[in-house]
$ cat work35.csv   # CSV, C-alpha atoms and all ligand atoms
chain,number,residue,atom,x,y,z
L,1,MET,CA,-112.1,7.5,-17.2
L,2,ALA,CA,-111.2,9.3,-20.5
L,3,ALA,CA,-111.2,12.6,-18.6
L,4,ALA,CA,-109.0,11.1,-15.9
L,5,MET,CA,-106.6,9.8,-18.5
L,6,ALA,CA,-106.5,13.2,-20.2
L,7,ALA,CA,-105.6,14.7,-16.8
L,8,ALA,CA,-102.5,12.5,-16.4
L,9,PRO,CA,-99.3,14.5,-16.1
L,10,ARG,CA,-96.3,13.8,-18.2
L,11,LEU,CA,-94.4,10.9,-16.6
L,12,LEU,CA,-90.7,11.1,-16.0
L,13,GLU,CA,-87.7,9.0,-17.0
L,14,ARG,CA,-85.6,7.7,-14.1
L,15,GLY,CA,-82.9,10.4,-14.5
L,16,ARG,CA,-85.5,13.2,-14.0
L,17,ALA,CA,-87.4,11.6,-11.1
L,18,PRO,CA,-86.9,12.9,-7.6
L,19,PRO,CA,-83.8,11.2,-6.2
L,20,HIS,CA,-85.6,9.5,-3.3
L,21,LEU,CA,-87.9,7.7,-5.7
L,22,ARG,CA,-85.1,6.2,-7.8
L,23,PHE,CA,-84.6,3.3,-5.4
L,24,ASN,CA,-85.0,0.6,-8.1
L,25,PRO,CA,-82.3,1.0,-10.8
L,26,PHE,CA,-84.1,-1.4,-13.1
L,27,VAL,CA,-87.3,0.7,-13.3
L,28,LEU,CA,-86.4,3.2,-16.0
L,29,SER,CA,-89.7,5.1,-16.7
L,30,GLY,CA,-93.2,5.9,-15.6
L,31,TYR,CA,-92.3,8.0,-12.6
L,32,ARG,CA,-94.9,10.5,-11.4
L,33,PRO,CA,-93.8,14.1,-11.1
L,34,ALA,CA,-94.0,15.6,-7.6
L,35,SER,CA,-97.5,16.8,-6.9
L,36,SER,CA,-100.0,17.9,-4.2
L,37,GLY,CA,-101.9,15.4,-2.1
L,38,ALA,CA,-104.9,15.8,-4.5
L,39,GLY,CA,-102.5,15.1,-7.4
L,40,CYS,CA,-101.3,11.9,-5.6
L,41,LEU,CA,-104.9,10.8,-5.3
L,42,ARG,CA,-105.6,11.5,-9.0
L,43,SER,CA,-102.8,9.1,-9.8
L,44,LEU,CA,-105.1,6.3,-8.7
L,45,PHE,CA,-106.8,6.7,-12.1
L,46,TYR,CA,-103.9,6.8,-14.7
L,47,LEU,CA,-101.1,4.4,-15.5
L,48,HIS,CA,-97.7,5.0,-13.9
L,49,ASN,CA,-95.0,2.8,-12.3
L,50,GLU,CA,-96.6,2.7,-8.8
L,51,LEU,CA,-100.1,2.0,-10.0
L,52,GLY,CA,-99.6,-1.8,-9.8
L,53,ASN,CA,-98.1,-1.5,-6.3
L,54,ILE,CA,-101.2,0.5,-5.2
L,55,TYR,CA,-103.7,-2.0,-6.5
L,56,THR,CA,-101.9,-5.2,-5.6
L,57,HIS,CA,-102.5,-4.1,-2.0
L,58,GLY,CA,-105.6,-2.0,-2.4
L,59,VAL,CA,-107.7,-4.8,-3.8
L,60,PRO,CA,-106.6,-7.3,-1.0
L,61,LEU,CA,-107.3,-4.6,1.6
L,62,VAL,CA,-110.9,-4.2,0.5
L,63,GLY,CA,-111.2,-8.0,0.5
L,64,PHE,CA,-109.8,-8.4,4.0
L,65,LEU,CA,-112.0,-5.6,5.4
L,66,LEU,CA,-115.2,-7.1,3.9
L,67,LEU,CA,-114.6,-10.8,4.4
L,68,VAL,CA,-112.4,-11.4,7.5
L,69,PRO,CA,-115.1,-10.5,10.2
L,70,GLY,CA,-117.6,-13.0,8.8
L,71,ALA,CA,-115.2,-15.9,9.0
L,72,LEU,CA,-114.5,-15.5,12.7
L,73,PRO,CA,-116.5,-16.5,15.8
L,74,TRP,CA,-117.6,-13.5,17.8
L,75,ALA,CA,-120.4,-14.6,20.2
L,76,PRO,CA,-119.3,-15.9,23.7
L,77,PRO,CA,-117.5,-18.2,24.5
L,78,ALA,CA,-115.4,-17.0,21.5
L,79,VAL,CA,-112.5,-14.7,22.5
L,80,ALA,CA,-113.6,-11.6,20.7
L,81,TRP,CA,-110.5,-9.5,21.4
L,82,LEU,CA,-108.4,-12.1,19.5
L,83,GLY,CA,-110.7,-11.7,16.5
L,84,LEU,CA,-110.3,-7.9,16.7
L,85,ALA,CA,-106.5,-8.2,16.9
L,86,HIS,CA,-106.6,-10.4,13.8
L,87,TYR,CA,-108.8,-8.0,11.9
L,88,VAL,CA,-106.4,-5.1,12.5
L,89,ALA,CA,-103.4,-7.4,11.7
L,90,CYS,CA,-104.9,-8.3,8.3
L,91,ALA,CA,-105.7,-4.7,7.3
L,92,ALA,CA,-102.7,-2.9,8.6
L,93,PRO,CA,-100.0,-3.9,6.0
L,94,PRO,CA,-102.1,-3.3,2.9
L,95,LEU,CA,-103.6,-0.1,4.3
L,96,ALA,CA,-100.1,1.4,5.2
L,97,SER,CA,-98.7,0.2,1.9
L,98,VAL,CA,-101.5,1.9,-0.1
L,99,VAL,CA,-100.9,5.2,1.7
L,100,TYR,CA,-97.1,4.9,1.1
L,101,HIS,CA,-97.4,4.1,-2.6
L,102,VAL,CA,-100.1,6.7,-3.3
L,103,PHE,CA,-98.3,9.6,-1.5
L,104,MET,CA,-94.6,8.8,-2.1
L,105,SER,CA,-94.5,11.3,-5.0
L,106,HIS,CA,-95.9,14.2,-2.8
L,107,ARG,CA,-94.0,17.4,-3.4
L,108,ALA,CA,-93.1,17.6,0.3
L,109,GLY,CA,-90.1,15.5,-0.8
L,110,ALA,CA,-87.7,13.2,0.9
L,111,GLY,CA,-88.7,14.0,4.5
L,112,LEU,CA,-92.3,13.0,3.9
L,113,TYR,CA,-91.1,10.0,1.9
L,114,ARG,CA,-89.1,8.7,4.9
L,115,ARG,CA,-92.1,9.0,7.2
L,116,LEU,CA,-94.3,7.2,4.7
L,117,LEU,CA,-91.7,4.4,4.5
L,118,ALA,CA,-91.7,4.2,8.3
L,119,LEU,CA,-95.5,3.9,8.1
L,120,ASP,CA,-95.2,1.1,5.5
L,121,LEU,CA,-92.8,-0.8,7.8
L,122,GLY,CA,-95.1,-0.1,10.7
L,123,GLY,CA,-97.8,-2.0,8.9
L,124,VAL,CA,-95.4,-5.0,8.6
L,125,ALA,CA,-94.6,-4.7,12.3
L,126,VAL,CA,-98.4,-4.7,13.2
L,127,VAL,CA,-99.1,-7.9,11.2
L,128,ASN,CA,-96.1,-9.5,12.9
L,129,ALA,CA,-97.2,-8.4,16.3
L,130,LEU,CA,-101.0,-8.8,16.2
L,131,GLY,CA,-101.0,-11.6,13.6
L,132,ALA,CA,-99.1,-13.9,16.1
L,133,VAL,CA,-101.3,-13.2,19.1
L,134,PRO,CA,-103.8,-16.0,18.3
L,135,ILE,CA,-100.9,-18.3,17.4
L,136,ILE,CA,-99.3,-17.7,20.9
L,137,TYR,CA,-102.7,-17.7,22.7
L,138,CYS,CA,-103.5,-21.2,21.4
L,139,ALA,CA,-100.1,-22.5,22.5
L,140,LEU,CA,-100.9,-21.6,26.1
L,141,PRO,CA,-104.7,-21.8,26.3
L,142,CYS,CA,-106.2,-20.9,29.7
L,143,ARG,CA,-102.8,-20.1,31.2
L,144,PRO,CA,-103.0,-16.3,31.4
L,145,GLY,CA,-99.7,-15.8,33.2
L,146,PRO,CA,-97.4,-17.7,30.9
L,147,CYS,CA,-99.4,-16.5,27.9
L,148,GLY,CA,-99.1,-12.9,28.9
L,149,ALA,CA,-95.3,-13.3,29.4
L,150,ALA,CA,-94.9,-14.9,26.0
L,151,LEU,CA,-97.0,-12.2,24.4
L,152,ALA,CA,-94.9,-9.5,26.1
L,153,ALA,CA,-91.6,-11.1,25.0
L,154,TYR,CA,-92.9,-11.4,21.5
L,155,GLY,CA,-94.2,-7.8,21.5
L,156,ALA,CA,-90.7,-6.6,22.6
L,157,LEU,CA,-89.1,-8.6,19.7
L,158,CYS,CA,-91.6,-6.9,17.3
L,159,GLY,CA,-90.7,-3.5,18.7
L,160,LEU,CA,-87.0,-4.2,18.2
L,161,ALA,CA,-87.7,-5.4,14.6
L,162,LEU,CA,-89.5,-2.2,13.7
L,163,TRP,CA,-86.7,-0.1,15.2
L,164,GLY,CA,-84.2,-2.1,13.2
L,165,ALA,CA,-86.2,-2.0,10.0
L,166,VAL,CA,-86.7,1.8,10.1
L,167,GLY,CA,-83.0,2.3,10.8
L,168,ALA,CA,-81.8,-0.2,8.2
L,169,ALA,CA,-79.9,1.2,5.2
L,170,SER,CA,-81.0,-1.4,2.7
L,171,ARG,CA,-83.9,-3.7,1.8
L,172,GLY,CA,-81.8,-6.7,3.0
L,173,GLY,CA,-81.5,-5.0,6.4
L,174,ARG,CA,-85.2,-4.4,6.6
L,175,LEU,CA,-85.9,-8.1,5.8
L,176,ALA,CA,-83.3,-9.3,8.3
L,177,ALA,CA,-84.8,-7.0,11.0
L,178,PHE,CA,-87.9,-9.3,11.2
L,179,ALA,CA,-85.9,-12.5,11.7
L,180,GLY,CA,-86.4,-12.4,15.5
L,181,PRO,CA,-90.3,-12.4,15.4
L,182,THR,CA,-90.2,-15.0,12.6
L,183,LEU,CA,-88.0,-17.4,14.5
L,184,PHE,CA,-90.2,-17.0,17.7
L,185,ARG,CA,-93.4,-17.8,15.7
L,186,LEU,CA,-91.7,-20.9,14.1
L,187,ALA,CA,-90.7,-22.1,17.5
L,188,VAL,CA,-94.3,-21.6,18.8
L,189,VAL,CA,-95.8,-23.5,15.8
L,190,GLY,CA,-93.2,-26.3,16.4
L,191,LEU,CA,-94.2,-26.5,20.1
L,192,ARG,CA,-97.9,-26.6,19.2
L,193,ALA,CA,-97.3,-29.4,16.7
L,194,ALA,CA,-95.3,-31.4,19.2
L,195,GLY,CA,-97.8,-30.8,22.0
L,196,GLY,CA,-101.0,-31.0,20.1
L,197,LEU,CA,-102.0,-27.5,21.2
L,198,GLY,CA,-104.7,-25.5,19.6
L,199,ALA,CA,-106.2,-26.3,16.2
L,200,GLN,CA,-103.8,-28.6,14.5
L,201,GLY,CA,-105.3,-27.7,11.1
L,202,ALA,CA,-104.0,-24.2,11.6
L,203,LEU,CA,-100.3,-25.2,11.6
L,204,ALA,CA,-100.0,-25.9,7.9
L,205,PRO,CA,-101.5,-22.5,6.9
L,206,TYR,CA,-99.1,-20.9,9.4
L,207,ALA,CA,-96.1,-22.7,7.8
L,208,ARG,CA,-97.2,-21.7,4.3
L,209,MET,CA,-97.6,-18.1,5.5
L,210,GLU,CA,-94.0,-18.0,6.7
L,211,ALA,CA,-92.8,-19.4,3.4
L,212,LEU,CA,-94.8,-17.0,1.3
L,213,ALA,CA,-93.7,-14.0,3.3
L,214,LEU,CA,-90.0,-15.0,3.1
L,215,LEU,CA,-90.3,-15.7,-0.6
L,216,GLY,CA,-91.9,-12.2,-1.1
L,217,GLY,CA,-89.0,-10.6,0.8
L,218,LEU,CA,-86.4,-12.5,-1.2
L,219,VAL,CA,-88.1,-11.6,-4.6
L,220,ASN,CA,-88.1,-7.9,-3.5
L,221,LEU,CA,-84.5,-8.2,-2.5
L,222,ALA,CA,-83.4,-9.9,-5.7
L,223,ARG,CA,-85.3,-7.4,-8.0
L,224,VAL,CA,-86.3,-10.2,-10.3
L,225,PRO,CA,-87.5,-10.2,-13.1
L,226,GLU,CA,-86.7,-6.5,-13.9
L,227,ARG,CA,-83.0,-7.1,-13.2
L,228,TRP,CA,-82.9,-9.4,-16.3
L,229,ARG,CA,-84.6,-6.8,-18.6
L,230,PRO,CA,-84.3,-3.3,-17.2
L,231,GLY,CA,-87.2,-1.2,-18.4
L,232,ALA,CA,-89.4,-4.1,-19.5
L,233,PHE,CA,-91.3,-4.4,-16.1
L,234,ASP,CA,-91.6,-0.7,-15.2
L,235,TYR,CA,-95.4,-0.9,-15.1
L,236,TRP,CA,-96.3,-4.5,-14.5
L,237,ALA,CA,-95.0,-7.7,-12.9
L,238,ASN,CA,-91.9,-6.3,-11.3
L,239,SER,CA,-90.4,-7.6,-8.1
L,240,HIS,CA,-92.2,-5.2,-5.8
L,241,GLN,CA,-95.6,-6.1,-7.3
L,242,LEU,CA,-94.8,-9.8,-7.0
L,243,MET,CA,-93.8,-9.2,-3.4
L,244,HIS,CA,-97.1,-7.5,-2.7
L,245,LEU,CA,-99.1,-10.4,-4.1
L,246,LEU,CA,-97.0,-12.9,-2.1
L,247,VAL,CA,-97.6,-10.8,1.1
L,248,ALA,CA,-101.3,-10.7,0.4
L,249,LEU,CA,-101.3,-14.5,0.0
L,250,ALA,CA,-99.3,-14.8,3.2
L,251,ILE,CA,-101.9,-12.8,5.1
L,252,LEU,CA,-104.7,-15.0,3.6
L,253,HIS,CA,-102.9,-18.1,4.9
L,254,LEU,CA,-102.5,-16.3,8.3
L,255,HIS,CA,-106.2,-15.7,8.2
L,256,TRP,CA,-107.1,-19.3,7.4
L,257,GLY,CA,-104.9,-20.5,10.3
L,258,VAL,CA,-106.3,-17.9,12.8
L,259,ALA,CA,-109.9,-18.7,11.8
L,260,ALA,CA,-109.3,-22.4,12.6
L,261,ASP,CA,-107.6,-21.4,15.9
L,262,LEU,CA,-110.4,-19.0,17.0
L,263,HIS,CA,-113.1,-21.6,16.2
L,264,TRP,CA,-111.0,-24.1,18.2
L,265,ALA,CA,-110.8,-21.6,21.1
L,266,ALA,CA,-114.5,-21.1,21.0
L,267,ARG,CA,-115.1,-24.8,21.3
L,268,HIS,CA,-112.6,-25.1,24.2
L,269,PRO,CA,-113.6,-22.2,26.6
L,270,CYS,CA,-111.5,-21.8,29.8
L,271,PRO,CA,-113.1,-22.8,33.1
L,272,PRO,CA,-114.2,-19.8,35.2
L,273,ALA,CA,-111.3,-18.5,37.3
K,301,ZN,ZN,-94.9,-1.8,-1.3
$ encode --input "work35.csv" --output "structure tokens"
Amino acid sequence: MAAAMAAAPRLLERGRAPPHLRFNPFVLSGYRPASSGAGCLRSLFYLHNELGNIYTHGVPLVGFLLLVPGALPWAPPAVAWLGLAHYVACAAPPLASVVYHVFMSHRAGAGLYRRLLALDLGGVAVVNALGAVPIIYCALPCRPGPCGAALAAYGALCGLALWGAVGAASRGGRLAAFAGPTLFRLAVVGLRAAGGLGAQGALAPYARMEALALLGGLVNLARVPERWRPGAFDYWANSHQLMHLLVALAILHLHWGVAADLHWAARHPCPPA
């Protein structure tokens, strides 16, 4: 660790950081200088203003990868492809986020940064798209036609959301782009509550997931607390890190809901066609 610390490059004040990395005006110091891919990877081992962002999604990523499969039913009559979709949904946002935050200071510059940002938003789109598949499946159990139509409509909404988010000029625009899939999910959860469809114990975790994800988006939008004391939260506890933690908690609640739904589906297999 001492050798790694000694290898840390001199960090930059905001005014000397690459322009495309100065997106938060209240983070004043701790910027990594542009470097090679290996240099970006070395930044996993010294303190800079993206380190908290890397680990607030890196640690949950390892947790999801190790723990999610064991909590799901896999043997028939469980619906294994739903479990697989959920596993990918849980891992995609933190994995894309870690890659984005590790390599955003690569010397390839603003062009690569835009592609990494699109990758980060792609992870959000994947958890929106695949995360909701079990939620929708359990609203229309054993009705492959209507279920397929609902999944196709929802998938189209998620594609539109990603397109809107990548093209958005602001963080607010990126957050608003995902309103369509969110409203669709809320409608499905409401219908399931009204109709007693699927695991009813899954609905409260789904509602908490939506609230946590929205709160995370709003904290990131508000840039609180660093807005109140610019420079005081450059390394720890700034809005982006808080958003990461809230998103990880949202995925955890999604997982609790989906685990309940998949166990319910395994207990209620469809009759042979
Ligand atoms: Zn992030």
$ residues_around --input "work35.csv" --residues "region 92-103 of chain L" --least-positions-apart "2" --cutoff "8 Å" --atoms "only C-alpha atoms" --output "compact mmCIF listing (two decimals) with C-alpha atoms, keeping the file's coordinate frame"
# COMPACT_ATOMS: atom_id res chain seq x y z
CA GLY L 37 -101.90 15.40 -2.10
CA CYS L 40 -101.30 11.90 -5.60
CA LEU L 41 -104.90 10.80 -5.30
CA SER L 43 -102.80 9.10 -9.80
CA LEU L 44 -105.10 6.30 -8.70
CA GLU L 50 -96.60 2.70 -8.80
CA ASN L 53 -98.10 -1.50 -6.30
CA ILE L 54 -101.20 0.50 -5.20
CA TYR L 55 -103.70 -2.00 -6.50
CA HIS L 57 -102.50 -4.10 -2.00
CA GLY L 58 -105.60 -2.00 -2.40
CA PRO L 60 -106.60 -7.30 -1.00
CA LEU L 61 -107.30 -4.60 1.60
CA VAL L 88 -106.40 -5.10 12.50
CA ALA L 89 -103.40 -7.40 11.70
CA CYS L 90 -104.90 -8.30 8.30
CA SER L 105 -94.50 11.30 -5.00
CA HIS L 106 -95.90 14.20 -2.80
CA TYR L 113 -91.10 10.00 1.90
CA LEU L 116 -94.30 7.20 4.70
CA LEU L 117 -91.70 4.40 4.50
CA LEU L 119 -95.50 3.90 8.10
CA ASP L 120 -95.20 1.10 5.50
CA GLY L 122 -95.10 -0.10 10.70
CA GLY L 123 -97.80 -2.00 8.90
CA VAL L 124 -95.40 -5.00 8.60
CA VAL L 126 -98.40 -4.70 13.20
CA VAL L 127 -99.10 -7.90 11.20
CA ALA L 248 -101.30 -10.70 0.40
$ residues_around --input "work35.csv" --residues "Leu11 (chain L)" --least-positions-apart "6" --cutoff "10 Å" --atoms "all atoms listed in the file" --output "PyMOL selection string"
chain L and resi 17+29-33+47-49
$ write_last_selection --input "work35.csv" --atoms "C-alpha atoms" --output "mmCIF file, keeping the file's coordinate frame"
data_model
loop_
_atom_site.group_PDB
_atom_site.id
_atom_site.type_symbol
_atom_site.label_atom_id
_atom_site.label_comp_id
_atom_site.auth_asym_id
_atom_site.auth_seq_id
_atom_site.Cartn_x
_atom_site.Cartn_y
_atom_site.Cartn_z
ATOM 1 C CA ALA L 17 -87.400 11.600 -11.100
ATOM 2 C CA SER L 29 -89.700 5.100 -16.700
ATOM 3 C CA GLY L 30 -93.200 5.900 -15.600
ATOM 4 C CA TYR L 31 -92.300 8.000 -12.600
ATOM 5 C CA ARG L 32 -94.900 10.500 -11.400
ATOM 6 C CA PRO L 33 -93.800 14.100 -11.100
ATOM 7 C CA LEU L 47 -101.100 4.400 -15.500
ATOM 8 C CA HIS L 48 -97.700 5.000 -13.900
ATOM 9 C CA ASN L 49 -95.000 2.800 -12.300
#
$ atom_distance --input "work35.csv" --atom1 "CA of Gly63 (chain L)" --atom2 "CA of Ala250 (chain L)"
14.0 Å
$ closest_residue --input "work35.csv" --among "L:Pro69, L:Gly83, L:Pro141, L:Gly217" --to "ligand ZN 301 (chain K)" --atoms "all atoms listed in the file"
L:Gly217
$ closest_residue --input "work35.csv" --among "L:Ala273, L:Met243, L:Ala176, L:Leu212" --to "ligand ZN 301 (chain K)" --atoms "all atoms listed in the file"
L:Met243
$ residues_around --input "work35.csv" --residues "Asn128 (chain L)" --least-positions-apart "4" --cutoff "7 Å" --atoms "all atoms listed in the file" --output "list in words"
Val124, Ala132, Cys158 and Pro181 of chain L
